[in-house]
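Report on the following structure.
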Amino acid sequence: MTKNVPKILIVGGGYAGFYTAWKLEKHLRKGEAEVTIVDPLPYMTYQPFLPEVAAGEIEARHIVVGHRRHLKRTTVITAKVTGIDHASKTVTITPAEGQPWQQEYDQIVVTAGAVSRTFPIPGIADNAIGLKTIEEAVAIRDRLLTNFDRAALLPPGPDRDRLLTVIVIGGGFAGIEAFAELRAFASSLLKVYPQLTFEDTHFHLIEAMGRIMPEVSLKTSEWVLKSLAKRGALVHLDTQVTGAVNGNVELSTGETLPSDLIVWTAGVMANPTVVRGGDLPVEERGRIRTRADLRVGTADEVVEGAWAAGDVSAVPDLSGGGVGGYCVPNAQHAVRQAKLLAKNLVAVLRGELPREYVHKNLGAVAGLGLYNGVFQSGGFALKGFIAWLAHRGYHGMAMPSWERKWRVLWDWWNNFWLGRDNVSLATVQRPRYVFEEFAARPRPPQPAATDAPAAAAPVAASVPAAR
């Protein structure tokens, strides 16, 4: 890299990181700065589509955006940032193979996102699966399909019930969308499994609060509950999970629900690897303390050369709609913060003043399975088919790049005419299983043969000859 050119280092390639790099390429003049993005994954995942991937409505690779394909003038490093020393303006980069190294920067943008937030409930870490990554969405889809294959061969009873019981923990938007999509997916599978009936499938959502989807009005959330109930999906409110050992989900009500598929969607937290491994200021909830202009610091003090956005940051919500005075961690804020951050960073490099982030939430939209959805903006709400169209329209247009948009639209179009693809590829997690089973192997070495004892004299020699 050229020494006299400012070096911009972006930590994290999710929503905020990808959009920051994408927009910096647009706003920076040629040679004005060098941009590097570091993330252990070589792509950004469009997370609002994860429930549809889990339900077989979208091909998994079509909701990820490759860094190298779409970031033409950004250096992409597929590795982890395990330490930030802003005092010396260096980061520690740890690759999957090889030795860590130190890399210098002039401006750092921390956009490391969030991970699933769990609690020390027995069995959750061992038996549950989150829904934050494309890999998790694919695994959920394949597990449900594989369980249908196995259950179709079993007689009615506890073993079959366990395979056909799905439990989702968490009643926020992510949990409700995943729950509704999986319920719709399971219902669509019954036509190709004549051995199973609708009554054989069991879907339970566990929510610790007294309502679901706090982003919408109480009236709208009650409509969602009724819609789910009509489709045989049970929601347990004011209920906590106390254990999930050996696949038996124990509830605070005393009930036990055996299940082979437990999906955890009960909250997120800022990426702890990046937050704890650095010297940038952190607020009480574990997020990087960020100003309204997206520079790290407080209203009274700026940490020069440091920026943050997205779920890893605590950005003041100047619109007044944020929880606790801060922007809620969602894709809508992450994308818009990133776009402004790129402009502000370029402005600072050119000696100009940055602008503050002000964005009023446009509303919330959720898909609840094919042809059903909900949309809320202020006191205005849409439900059913129209809301489902709004959901697909909004997220279809929000998907980065036309190349990705067309892939998703093509999936929807194909599925409309051909139906969902309902083949499990669970064995892709162990792709060598057939090769290993039949591959010829060298024979084990045989023990060395010992020298044979001297031959004994023939017995007949000791017998006197006949006279």
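Numbering starts fresh at 1 for the residues of each chain in the structure tokens, the chains themselves are lettered A, B, ... in the order given, and ligands are numbered from 1 as they appear.
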| query | If we count only C-alpha atoms, what is near Arg141 in chain A at a cut-off of 8 Å, once residues fewer than 2 positions away on the same chain are taken out, given as a list in words? | reply | Val53, Ala54, Ala55, Gly56, Ala137, Val138, Ala139, Arg143, Leu144, Leu145 and Ser424 of chain A
| Using only C-alpha atoms, which residues sit within 9 Å of range 171-177 of chain A once same-chain residues fewer than 3 positions away are excluded, as a PyMOL selection string? | chain A and resi 48+50-52+131+168+180-182+205-209+211-215+224+235+237+263-267+364-369
Please, which residues in range 67-153 of chain A fall within 10 Å of range 251-261 of chain A when counting only C-alpha atoms, and what is the closest atom pair and distance in Å to one decimal for each, ordered by chain then residue number, as a tab-separated table?
residue	atom	partner	partner_atom	distance
A:Asn127	CA	A:Leu261	CA	8.2
A:Ala128	CA	A:Leu261	CA	7.2
A:Ile129	CA	A:Leu261	CA	8.0
A:Ile140	CA	A:Leu261	CA	7.6
A:Arg143	CA	A:Leu261	CA	7.3
A:Leu144	CA	A:Leu261	CA	7.4
A:Asn147	CA	A:Asp260	CA	8.1
| message | Set the distance at 12 Å and use only C-alpha atoms: which residues neighbour Phe375 in chain A once local chain neighbours fewer than 4 positions away are removed? I'd like the list as number ranges by chain. | response | A: 173, 213, 215-217, 220-221, 223-224, 362-368, 379-394
| request: Rounded to one decimal place, report the CA of Gly170 in chain A-CA of Ser116 in chain A distance in Å. | output: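 If I compute the distance from CA of Gly170 in chain A to CA of Ser116 in chain A, I get 11.4 Å.
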List every residue of range 19-216 of chain A that DSSP, applied to the backbone, labels as strand (DSSP E), and write the result as a PDB file with N, CA and C atoms, in the first residue's frame.
ATOM      1  N   GLU A  34      -7.160   4.062   0.495  1.00  0.00           N
ATOM      2  CA  GLU A  34      -7.144   2.621   0.265  1.00  0.00           C
ATOM      3  C   GLU A  34      -8.063   1.962   1.283  1.00  0.00           C
ATOM      4  N   VAL A  35      -8.967   1.122   0.796  1.00  0.00           N
ATOM      5  CA  VAL A  35      -9.979   0.515   1.653  1.00  0.00           C
ATOM      6  C   VAL A  35      -9.722  -0.987   1.759  1.00  0.00           C
ATOM      7  N   THR A  36      -9.750  -1.493   2.985  1.00  0.00           N
ATOM      8  CA  THR A  36      -9.599  -2.927   3.250  1.00  0.00           C
ATOM      9  C   THR A  36     -10.758  -3.373   4.126  1.00  0.00           C
ATOM     10  N   ILE A  37     -11.355  -4.511   3.805  1.00  0.00           N
ATOM     11  CA  ILE A  37     -12.432  -5.077   4.613  1.00  0.00           C
ATOM     12  C   ILE A  37     -11.981  -6.450   5.112  1.00  0.00           C
ATOM     13  N   VAL A  38     -12.214  -6.714   6.401  1.00  0.00           N
ATOM     14  CA  VAL A  38     -11.786  -7.968   7.022  1.00  0.00           C
ATOM     15  C   VAL A  38     -13.002  -8.660   7.617  1.00  0.00           C
ATOM     16  N   ASP A  39     -13.226  -9.898   7.212  1.00  0.00           N
ATOM     17  CA  ASP A  39     -14.332 -10.685   7.758  1.00  0.00           C
ATOM     18  C   ASP A  39     -13.982 -12.162   7.579  1.00  0.00           C
ATOM     19  N   TYR A  43     -18.555 -13.221   2.303  1.00  0.00           N
ATOM     20  CA  TYR A  43     -19.817 -12.714   1.776  1.00  0.00           C
ATOM     21  C   TYR A  43     -20.640 -12.041   2.869  1.00  0.00           C
ATOM     22  N   MET A  44     -21.584 -11.232   2.425  1.00  0.00           N
ATOM     23  CA  MET A  44     -22.596 -10.640   3.291  1.00  0.00           C
ATOM     24  C   MET A  44     -23.880 -11.448   3.147  1.00  0.00           C
ATOM     25  N   THR A  45     -24.567 -11.704   4.248  1.00  0.00           N
ATOM     26  CA  THR A  45     -25.834 -12.438   4.215  1.00  0.00           C
ATOM     27  C   THR A  45     -26.996 -11.476   4.376  1.00  0.00           C
ATOM     28  N   VAL A  64     -26.745 -14.409  -0.421  1.00  0.00           N
ATOM     29  CA  VAL A  64     -25.452 -13.920   0.048  1.00  0.00           C
ATOM     30  C   VAL A  64     -24.803 -13.116  -1.076  1.00  0.00           C
ATOM     31  N   VAL A  65     -24.064 -12.089  -0.677  1.00  0.00           N
ATOM     32  CA  VAL A  65     -23.447 -11.171  -1.637  1.00  0.00           C
ATOM     33  C   VAL A  65     -21.937 -11.308  -1.493  1.00  0.00           C
ATOM     34  N   GLY A  66     -21.286 -11.839  -2.509  1.00  0.00           N
ATOM     35  CA  GLY A  66     -19.844 -12.063  -2.445  1.00  0.00           C
ATOM     36  C   GLY A  66     -19.059 -10.769  -2.390  1.00  0.00           C
ATOM     37  N   THR A  74     -11.768  -2.677  -3.369  1.00  0.00           N
ATOM     38  CA  THR A  74     -11.517  -2.887  -1.945  1.00  0.00           C
ATOM     39  C   THR A  74     -10.692  -4.154  -1.761  1.00  0.00           C
ATOM     40  N   THR A  75      -9.691  -4.082  -0.903  1.00  0.00           N
ATOM     41  CA  THR A  75      -8.911  -5.268  -0.563  1.00  0.00           C
ATOM     42  C   THR A  75      -9.711  -6.112   0.417  1.00  0.00           C
ATOM     43  N   VAL A  76      -9.962  -7.367   0.065  1.00  0.00           N
ATOM     44  CA  VAL A  76     -10.762  -8.261   0.892  1.00  0.00           C
ATOM     45  C   VAL A  76      -9.839  -9.242   1.606  1.00  0.00           C
ATOM     46  N   ILE A  77      -9.931  -9.292   2.926  1.00  0.00           N
ATOM     47  CA  ILE A  77      -9.155 -10.240   3.734  1.00  0.00           C
ATOM     48  C   ILE A  77     -10.135 -11.149   4.455  1.00  0.00           C
ATOM     49  N   THR A  78     -10.099 -12.442   4.148  1.00  0.00           N
ATOM     50  CA  THR A  78     -11.008 -13.398   4.773  1.00  0.00           C
ATOM     51  C   THR A  78     -10.330 -13.957   6.014  1.00  0.00           C
ATOM     52  N   LYS A  80     -10.240 -13.146  10.750  1.00  0.00           N
ATOM     53  CA  LYS A  80     -10.860 -12.498  11.898  1.00  0.00           C
ATOM     54  C   LYS A  80      -9.981 -11.363  12.413  1.00  0.00           C
ATOM     55  N   VAL A  81     -10.621 -10.300  12.867  1.00  0.00           N
ATOM     56  CA  VAL A  81      -9.917  -9.287  13.649  1.00  0.00           C
ATOM     57  C   VAL A  81     -10.092  -9.674  15.111  1.00  0.00           C
ATOM     58  N   THR A  82      -8.998 -10.039  15.752  1.00  0.00           N
ATOM     59  CA  THR A  82      -9.058 -10.513  17.137  1.00  0.00           C
ATOM     60  C   THR A  82      -8.547  -9.483  18.134  1.00  0.00           C
ATOM     61  N   GLY A  83      -8.108  -8.339  17.653  1.00  0.00           N
ATOM     62  CA  GLY A  83      -7.660  -7.292  18.564  1.00  0.00           C
ATOM     63  C   GLY A  83      -7.599  -5.947  17.863  1.00  0.00           C
ATOM     64  N   ILE A  84      -8.016  -4.910  18.580  1.00  0.00           N
ATOM     65  CA  ILE A  84      -7.942  -3.538  18.064  1.00  0.00           C
ATOM     66  C   ILE A  84      -7.162  -2.707  19.069  1.00  0.00           C
ATOM     67  N   ASP A  85      -6.041  -2.150  18.649  1.00  0.00           N
ATOM     68  CA  ASP A  85      -5.246  -1.246  19.487  1.00  0.00           C
ATOM     69  C   ASP A  85      -5.294   0.124  18.820  1.00  0.00           C
ATOM     70  N   THR A  90      -3.486  -0.012  15.150  1.00  0.00           N
ATOM     71  CA  THR A  90      -3.189  -1.313  14.559  1.00  0.00           C
ATOM     72  C   THR A  90      -4.259  -2.308  14.983  1.00  0.00           C
ATOM     73  N   VAL A  91      -4.482  -3.316  14.143  1.00  0.00           N
ATOM     74  CA  VAL A  91      -5.369  -4.417  14.496  1.00  0.00           C
ATOM     75  C   VAL A  91      -4.599  -5.722  14.366  1.00  0.00           C
ATOM     76  N   THR A  92      -5.040  -6.722  15.111  1.00  0.00           N
ATOM     77  CA  THR A  92      -4.493  -8.071  14.981  1.00  0.00           C
ATOM     78  C   THR A  92      -5.428  -8.869  14.088  1.00  0.00           C
ATOM     79  N   ILE A  93      -4.921  -9.381  12.995  1.00  0.00           N
ATOM     80  CA  ILE A  93      -5.707 -10.168  12.054  1.00  0.00           C
ATOM     81  C   ILE A  93      -5.284 -11.627  12.166  1.00  0.00           C
ATOM     82  N   THR A  94      -6.254 -12.498  12.427  1.00  0.00           N
ATOM     83  CA  THR A  94      -5.979 -13.915  12.629  1.00  0.00           C
ATOM     84  C   THR A  94      -6.650 -14.723  11.525  1.00  0.00           C
ATOM     85  N   TRP A 101      -1.155 -11.460  12.261  1.00  0.00           N
ATOM     86  CA  TRP A 101      -0.250 -10.359  11.975  1.00  0.00           C
ATOM     87  C   TRP A 101      -0.907  -9.035  12.367  1.00  0.00           C
ATOM     88  N   GLN A 102      -0.081  -8.018  12.490  1.00  0.00           N
ATOM     89  CA  GLN A 102      -0.547  -6.677  12.823  1.00  0.00           C
ATOM     90  C   GLN A 102      -0.684  -5.873  11.540  1.00  0.00           C
ATOM     91  N   GLN A 103      -1.780  -5.124  11.452  1.00  0.00           N
ATOM     92  CA  GLN A 103      -1.995  -4.265  10.286  1.00  0.00           C
ATOM     93  C   GLN A 103      -2.329  -2.859  10.736  1.00  0.00           C
ATOM     94  N   GLU A 104      -1.686  -1.899  10.140  1.00  0.00           N
ATOM     95  CA  GLU A 104      -1.897  -0.503  10.512  1.00  0.00           C
ATOM     96  C   GLU A 104      -3.060   0.089   9.724  1.00  0.00           C
ATOM     97  N   GLN A 107      -7.918   5.136   9.492  1.00  0.00           N
ATOM     98  CA  GLN A 107      -9.323   5.216   9.891  1.00  0.00           C
ATOM     99  C   GLN A 107      -9.852   3.784  10.043  1.00  0.00           C
ATOM    100  N   ILE A 108     -10.522   3.521  11.149  1.00  0.00           N
ATOM    101  CA  ILE A 108     -11.102   2.201  11.355  1.00  0.00           C
ATOM    102  C   ILE A 108     -12.620   2.321  11.429  1.00  0.00           C
ATOM    103  N   VAL A 109     -13.302   1.396  10.768  1.00  0.00           N
ATOM    104  CA  VAL A 109     -14.766   1.335  10.780  1.00  0.00           C
ATOM    105  C   VAL A 109     -15.147  -0.016  11.370  1.00  0.00           C
ATOM    106  N   VAL A 110     -15.758  -0.011  12.545  1.00  0.00           N
ATOM    107  CA  VAL A 110     -16.119  -1.256  13.217  1.00  0.00           C
ATOM    108  C   VAL A 110     -17.582  -1.571  12.919  1.00  0.00           C
ATOM    109  N   ALA A 114     -23.700  -8.625  15.010  1.00  0.00           N
ATOM    110  CA  ALA A 114     -24.167  -9.255  16.243  1.00  0.00           C
ATOM    111  C   ALA A 114     -24.209 -10.761  16.074  1.00  0.00           C
ATOM    112  N   VAL A 115     -24.251 -11.455  17.199  1.00  0.00           N
ATOM    113  CA  VAL A 115     -24.387 -12.912  17.222  1.00  0.00           C
ATOM    114  C   VAL A 115     -25.589 -13.250  18.109  1.00  0.00           C
ATOM    115  N   SER A 116     -26.018 -14.497  18.060  1.00  0.00           N
ATOM    116  CA  SER A 116     -27.153 -14.911  18.886  1.00  0.00           C
ATOM    117  C   SER A 116     -26.817 -14.751  20.364  1.00  0.00           C
ATOM    118  N   ALA A 128     -29.799 -26.821  20.533  1.00  0.00           N
ATOM    119  CA  ALA A 128     -30.530 -25.820  19.755  1.00  0.00           C
ATOM    120  C   ALA A 128     -29.669 -25.314  18.596  1.00  0.00           C
ATOM    121  N   ILE A 129     -30.307 -24.596  17.682  1.00  0.00           N
ATOM    122  CA  ILE A 129     -29.601 -23.972  16.566  1.00  0.00           C
ATOM    123  C   ILE A 129     -30.155 -22.564  16.387  1.00  0.00           C
ATOM    124  N   GLY A 130     -29.289 -21.628  16.053  1.00  0.00           N
ATOM    125  CA  GLY A 130     -29.728 -20.249  15.836  1.00  0.00           C
ATOM    126  C   GLY A 130     -30.217 -20.046  14.411  1.00  0.00           C
ATOM    127  N   THR A 165     -41.946 -32.559  15.740  1.00  0.00           N
ATOM    128  CA  THR A 165     -42.194 -31.412  16.618  1.00  0.00           C
ATOM    129  C   THR A 165     -41.092 -30.377  16.424  1.00  0.00           C
ATOM    130  N   VAL A 166     -41.496 -29.154  16.090  1.00  0.00           N
ATOM    131  CA  VAL A 166     -40.563 -28.045  15.898  1.00  0.00           C
ATOM    132  C   VAL A 166     -40.830 -27.009  16.978  1.00  0.00           C
ATOM    133  N   ILE A 167     -39.765 -26.572  17.646  1.00  0.00           N
ATOM    134  CA  ILE A 167     -39.906 -25.572  18.704  1.00  0.00           C
ATOM    135  C   ILE A 167     -39.021 -24.373  18.360  1.00  0.00           C
ATOM    136  N   VAL A 168     -39.632 -23.194  18.329  1.00  0.00           N
ATOM    137  CA  VAL A 168     -38.910 -21.945  18.103  1.00  0.00           C
ATOM    138  C   VAL A 168     -38.971 -21.140  19.395  1.00  0.00           C
ATOM    139  N   ILE A 169     -37.824 -20.677  19.860  1.00  0.00           N
ATOM    140  CA  ILE A 169     -37.738 -19.924  21.111  1.00  0.00           C
ATOM    141  C   ILE A 169     -37.472 -18.463  20.774  1.00  0.00           C
ATOM    142  N   HIS A 202     -46.329 -30.918  14.906  1.00  0.00           N
ATOM    143  CA  HIS A 202     -46.544 -30.087  16.094  1.00  0.00           C
ATOM    144  C   HIS A 202     -45.558 -28.917  16.074  1.00  0.00           C
ATOM    145  N   PHE A 203     -46.081 -27.708  16.142  1.00  0.00           N
ATOM    146  CA  PHE A 203     -45.247 -26.508  16.122  1.00  0.00           C
ATOM    147  C   PHE A 203     -45.540 -25.665  17.362  1.00  0.00           C
ATOM    148  N   HIS A 204     -44.468 -25.328  18.113  1.00  0.00           N
ATOM    149  CA  HIS A 204     -44.603 -24.552  19.339  1.00  0.00           C
ATOM    150  C   HIS A 204     -43.620 -23.387  19.312  1.00  0.00           C
ATOM    151  N   LEU A 205     -44.103 -22.192  19.639  1.00  0.00           N
ATOM    152  CA  LEU A 205     -43.233 -21.038  19.831  1.00  0.00           C
ATOM    153  C   LEU A 205     -43.283 -20.627  21.292  1.00  0.00           C
ATOM    154  N   ILE A 206     -42.114 -20.432  21.899  1.00  0.00           N
ATOM    155  CA  ILE A 206     -42.019 -20.085  23.319  1.00  0.00           C
ATOM    156  C   ILE A 206     -41.568 -18.636  23.448  1.00  0.00           C
TER     157      ILE A 206
END
| query | Hey, which of A:Ala96, A:Ile134, A:Ala314, A:Val358 ends up closest to His62 in chain A? Count only C-alpha atoms. | reply |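 Of the candidates, the smallest distance to His62 in chain A is held by A:Ile134.
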| Do you have the CA of Gly210 in chain A-CA of Gly373 in chain A distance handy? | 21.5 Å
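The interatomic distance for the pair CA of His86 in chain A and CA of Asp300 in chain A works out to 19.0 Å.
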| query | With distances taken over only C-alpha atoms, which of A:Lys219, A:Arg291, A:Arg443, A:Arg420 is nearest to Ser187 in chain A? | reply |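 That would be A:Arg420, the residue with the smallest distance to Ser187 in chain A.
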| message | Nearest residue to Ala87 in chain A out of A:Gly243, A:Gly17, A:Pro40, A:Gly278, using only C-alpha atoms? | response |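 Among the listed residues, the smallest separation from Ala87 in chain A belongs to A:Gly278.
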| said: So that I can see what lies close to Lys405 in chain A, please list as a list in words the residues with an atom at most 10 Å from it, counting only C-alpha atoms and leaving out residues fewer than 5 positions away in the same chain. | reply: His62, Ile63, His395, Gly396, Met397, Ala398, Met399, Pro400 and Trp410 of chain A
Kindly save the residues from that selection, with N, CA and C atoms included, as a PDB file, in the first residue's frame.
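Heads up, here's the output in selection_26.pdb:
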ATOM      1  N   HIS A  62     -28.298 -17.558  -3.107  1.00  0.00           N
ATOM      2  CA  HIS A  62     -28.826 -16.350  -3.739  1.00  0.00           C
ATOM      3  C   HIS A  62     -29.059 -15.202  -2.762  1.00  0.00           C
ATOM      4  N   ILE A  63     -28.988 -15.462  -1.459  1.00  0.00           N
ATOM      5  CA  ILE A  63     -29.176 -14.362  -0.502  1.00  0.00           C
ATOM      6  C   ILE A  63     -27.855 -13.903   0.113  1.00  0.00           C
ATOM      7  N   HIS A 395     -38.256  -6.240   0.445  1.00  0.00           N
ATOM      8  CA  HIS A 395     -36.986  -6.939   0.587  1.00  0.00           C
ATOM      9  C   HIS A 395     -36.381  -7.310  -0.769  1.00  0.00           C
ATOM     10  N   GLY A 396     -37.231  -7.536  -1.759  1.00  0.00           N
ATOM     11  CA  GLY A 396     -36.691  -7.785  -3.090  1.00  0.00           C
ATOM     12  C   GLY A 396     -35.909  -6.593  -3.610  1.00  0.00           C
ATOM     13  N   MET A 397     -36.408  -5.385  -3.360  1.00  0.00           N
ATOM     14  CA  MET A 397     -35.704  -4.186  -3.808  1.00  0.00           C
ATOM     15  C   MET A 397     -34.525  -3.848  -2.905  1.00  0.00           C
ATOM     16  N   ALA A 398     -34.609  -4.241  -1.609  1.00  0.00           N
ATOM     17  CA  ALA A 398     -33.527  -3.915  -0.675  1.00  0.00           C
ATOM     18  C   ALA A 398     -32.322  -4.830  -0.844  1.00  0.00           C
ATOM     19  N   MET A 399     -32.499  -5.953  -1.507  1.00  0.00           N
ATOM     20  CA  MET A 399     -31.375  -6.870  -1.733  1.00  0.00           C
ATOM     21  C   MET A 399     -30.290  -6.157  -2.529  1.00  0.00           C
ATOM     22  N   PRO A 400     -29.042  -6.153  -2.056  1.00  0.00           N
ATOM     23  CA  PRO A 400     -27.987  -5.413  -2.755  1.00  0.00           C
ATOM     24  C   PRO A 400     -27.699  -5.965  -4.144  1.00  0.00           C
ATOM     25  N   TRP A 410     -35.960 -14.778  -9.535  1.00  0.00           N
ATOM     26  CA  TRP A 410     -36.040 -15.999 -10.333  1.00  0.00           C
ATOM     27  C   TRP A 410     -36.473 -17.185  -9.468  1.00  0.00           C
TER      28      TRP A 410
END
| request: Go through A:Gly13, A:Lys23, A:Thr427, A:Asn415 and flag the residue nearest Asn344 in chain A, using only C-alpha atoms for the distances. | output: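 Looking at the shortest contact to Asn344 in chain A, the residue is A:Lys23.
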| request: Enumerate the residues of range 323-417 of chain A with a DSSP assignment of helix (DSSP H, G or I), computed from the backbone, and present them as a PyMOL selection string. | output: chain A and resi 331-349+385-398+402-417
Written selection (N, CA and C atoms) as a tab-separated table (two decimals), in the first residue's frame:
chain	number	residue	atom	x	y	z
A	331	ALA	N	-31.67	-4.42	10.24
A	331	ALA	CA	-31.06	-4.19	8.94
A	331	ALA	C	-31.34	-2.78	8.42
A	332	GLN	N	-32.53	-2.29	8.71
A	332	GLN	CA	-32.92	-0.97	8.21
A	332	GLN	C	-31.94	0.10	8.68
A	333	HIS	N	-31.61	0.09	9.98
A	333	HIS	CA	-30.65	1.07	10.50
A	333	HIS	C	-29.25	0.80	9.99
A	334	ALA	N	-28.84	-0.47	9.96
A	334	ALA	CA	-27.47	-0.80	9.57
A	334	ALA	C	-27.15	-0.29	8.17
A	335	VAL	N	-28.06	-0.52	7.23
A	335	VAL	CA	-27.82	-0.10	5.85
A	335	VAL	C	-27.76	1.42	5.74
A	336	ARG	N	-28.70	2.10	6.37
A	336	ARG	CA	-28.74	3.56	6.26
A	336	ARG	C	-27.58	4.22	7.01
A	337	GLN	N	-27.20	3.65	8.14
A	337	GLN	CA	-26.03	4.16	8.85
A	337	GLN	C	-24.77	4.01	8.00
A	338	ALA	N	-24.64	2.86	7.35
A	338	ALA	CA	-23.45	2.62	6.52
A	338	ALA	C	-23.35	3.61	5.38
A	339	LYS	N	-24.47	3.89	4.74
A	339	LYS	CA	-24.45	4.84	3.63
A	339	LYS	C	-24.02	6.22	4.10
A	340	LEU	N	-24.51	6.65	5.26
A	340	LEU	CA	-24.10	7.96	5.78
A	340	LEU	C	-22.67	7.92	6.27
A	341	LEU	N	-22.26	6.80	6.89
A	341	LEU	CA	-20.89	6.70	7.40
A	341	LEU	C	-19.89	6.87	6.26
A	342	ALA	N	-20.15	6.26	5.13
A	342	ALA	CA	-19.24	6.40	3.99
A	342	ALA	C	-19.12	7.86	3.57
A	343	LYS	N	-20.25	8.56	3.51
A	343	LYS	CA	-20.22	9.98	3.15
A	343	LYS	C	-19.48	10.81	4.20
A	344	ASN	N	-19.74	10.51	5.48
A	344	ASN	CA	-19.10	11.27	6.56
A	344	ASN	C	-17.60	11.04	6.59
A	345	LEU	N	-17.19	9.79	6.37
A	345	LEU	CA	-15.76	9.49	6.40
A	345	LEU	C	-15.03	10.24	5.28
A	346	VAL	N	-15.62	10.24	4.10
A	346	VAL	CA	-15.03	10.98	2.98
A	346	VAL	C	-15.00	12.47	3.29
A	347	ALA	N	-16.06	12.97	3.91
A	347	ALA	CA	-16.11	14.39	4.26
A	347	ALA	C	-14.98	14.75	5.22
A	348	VAL	N	-14.75	13.91	6.24
A	348	VAL	CA	-13.69	14.18	7.20
A	348	VAL	C	-12.33	14.14	6.52
A	349	LEU	N	-12.11	13.18	5.62
A	349	LEU	CA	-10.84	13.13	4.90
A	349	LEU	C	-10.60	14.40	4.10
A	385	PHE	N	-52.54	-11.14	2.34
A	385	PHE	CA	-51.89	-11.23	1.04
A	385	PHE	C	-51.22	-9.91	0.64
A	386	ILE	N	-51.90	-8.78	0.88
A	386	ILE	CA	-51.33	-7.47	0.51
A	386	ILE	C	-50.04	-7.22	1.28
A	387	ALA	N	-50.04	-7.55	2.58
A	387	ALA	CA	-48.84	-7.37	3.39
A	387	ALA	C	-47.73	-8.31	2.92
A	388	TRP	N	-48.08	-9.50	2.48
A	388	TRP	CA	-47.08	-10.44	1.97
A	388	TRP	C	-46.43	-9.87	0.70
A	389	LEU	N	-47.23	-9.26	-0.17
A	389	LEU	CA	-46.68	-8.62	-1.36
A	389	LEU	C	-45.75	-7.46	-0.98
A	390	ALA	N	-46.16	-6.70	0.05
A	390	ALA	CA	-45.32	-5.59	0.51
A	390	ALA	C	-44.00	-6.12	1.05
A	391	HIS	N	-44.06	-7.24	1.77
A	391	HIS	CA	-42.84	-7.86	2.32
A	391	HIS	C	-41.89	-8.26	1.20
A	392	ARG	N	-42.41	-8.96	0.20
A	392	ARG	CA	-41.55	-9.40	-0.89
A	392	ARG	C	-41.06	-8.22	-1.73
A	393	GLY	N	-41.94	-7.24	-1.94
A	393	GLY	CA	-41.53	-6.08	-2.72
A	393	GLY	C	-40.43	-5.29	-2.05
A	394	TYR	N	-40.59	-5.06	-0.73
A	394	TYR	CA	-39.59	-4.26	0.00
A	394	TYR	C	-38.24	-4.97	0.03
A	395	HIS	N	-38.26	-6.24	0.45
A	395	HIS	CA	-36.99	-6.94	0.59
A	395	HIS	C	-36.38	-7.31	-0.77
A	396	GLY	N	-37.23	-7.54	-1.76
A	396	GLY	CA	-36.69	-7.78	-3.09
A	396	GLY	C	-35.91	-6.59	-3.61
A	397	MET	N	-36.41	-5.38	-3.36
A	397	MET	CA	-35.70	-4.19	-3.81
A	397	MET	C	-34.52	-3.85	-2.90
A	398	ALA	N	-34.61	-4.24	-1.61
A	398	ALA	CA	-33.53	-3.92	-0.67
A	398	ALA	C	-32.32	-4.83	-0.84
A	402	TRP	N	-28.31	-5.62	-8.54
A	402	TRP	CA	-29.32	-6.21	-9.42
A	402	TRP	C	-29.03	-7.67	-9.72
A	403	GLU	N	-27.77	-8.02	-9.71
A	403	GLU	CA	-27.42	-9.42	-9.93
A	403	GLU	C	-28.07	-10.32	-8.88
A	404	ARG	N	-28.03	-9.89	-7.61
A	404	ARG	CA	-28.66	-10.68	-6.54
A	404	ARG	C	-30.19	-10.58	-6.59
A	405	LYS	N	-30.70	-9.39	-6.91
A	405	LYS	CA	-32.15	-9.21	-7.01
A	405	LYS	C	-32.74	-10.21	-8.01
A	406	TRP	N	-32.10	-10.32	-9.18
A	406	TRP	CA	-32.63	-11.19	-10.22
A	406	TRP	C	-32.60	-12.65	-9.79
A	407	ARG	N	-31.60	-13.04	-9.04
A	407	ARG	CA	-31.53	-14.43	-8.58
A	407	ARG	C	-32.68	-14.75	-7.63
A	408	VAL	N	-32.97	-13.83	-6.71
A	408	VAL	CA	-34.07	-14.04	-5.77
A	408	VAL	C	-35.41	-14.02	-6.50
A	409	LEU	N	-35.59	-13.05	-7.38
A	409	LEU	CA	-36.84	-13.00	-8.15
A	409	LEU	C	-37.05	-14.26	-8.98
A	410	TRP	N	-35.96	-14.78	-9.53
A	410	TRP	CA	-36.04	-16.00	-10.33
A	410	TRP	C	-36.47	-17.19	-9.47
A	411	ASP	N	-35.97	-17.26	-8.23
A	411	ASP	CA	-36.39	-18.31	-7.31
A	411	ASP	C	-37.89	-18.23	-7.04
A	412	TRP	N	-38.38	-17.02	-6.76
A	412	TRP	CA	-39.81	-16.85	-6.48
A	412	TRP	C	-40.65	-17.25	-7.70
A	413	TRP	N	-40.19	-16.85	-8.88
A	413	TRP	CA	-40.94	-17.15	-10.10
A	413	TRP	C	-40.97	-18.67	-10.33
A	414	ASN	N	-39.85	-19.33	-10.20
A	414	ASN	CA	-39.79	-20.77	-10.39
A	414	ASN	C	-40.67	-21.51	-9.38
A	415	ASN	N	-40.61	-21.09	-8.14
A	415	ASN	CA	-41.39	-21.77	-7.11
A	415	ASN	C	-42.89	-21.56	-7.30
A	416	PHE	N	-43.25	-20.42	-7.87
A	416	PHE	CA	-44.67	-20.18	-8.12
A	416	PHE	C	-45.23	-21.24	-9.06
A	417	TRP	N	-44.45	-21.61	-10.06
A	417	TRP	CA	-44.92	-22.58	-11.05
A	417	TRP	C	-44.54	-24.02	-10.70
| said: Please determine, counting only C-alpha atoms, which residue among A:Ser88, A:Ser188, A:Gln195, A:Thr273 has the shortest atom-to-atom distance to Asp149 in chain A. | reply: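 Closest candidate: A:Gln195.
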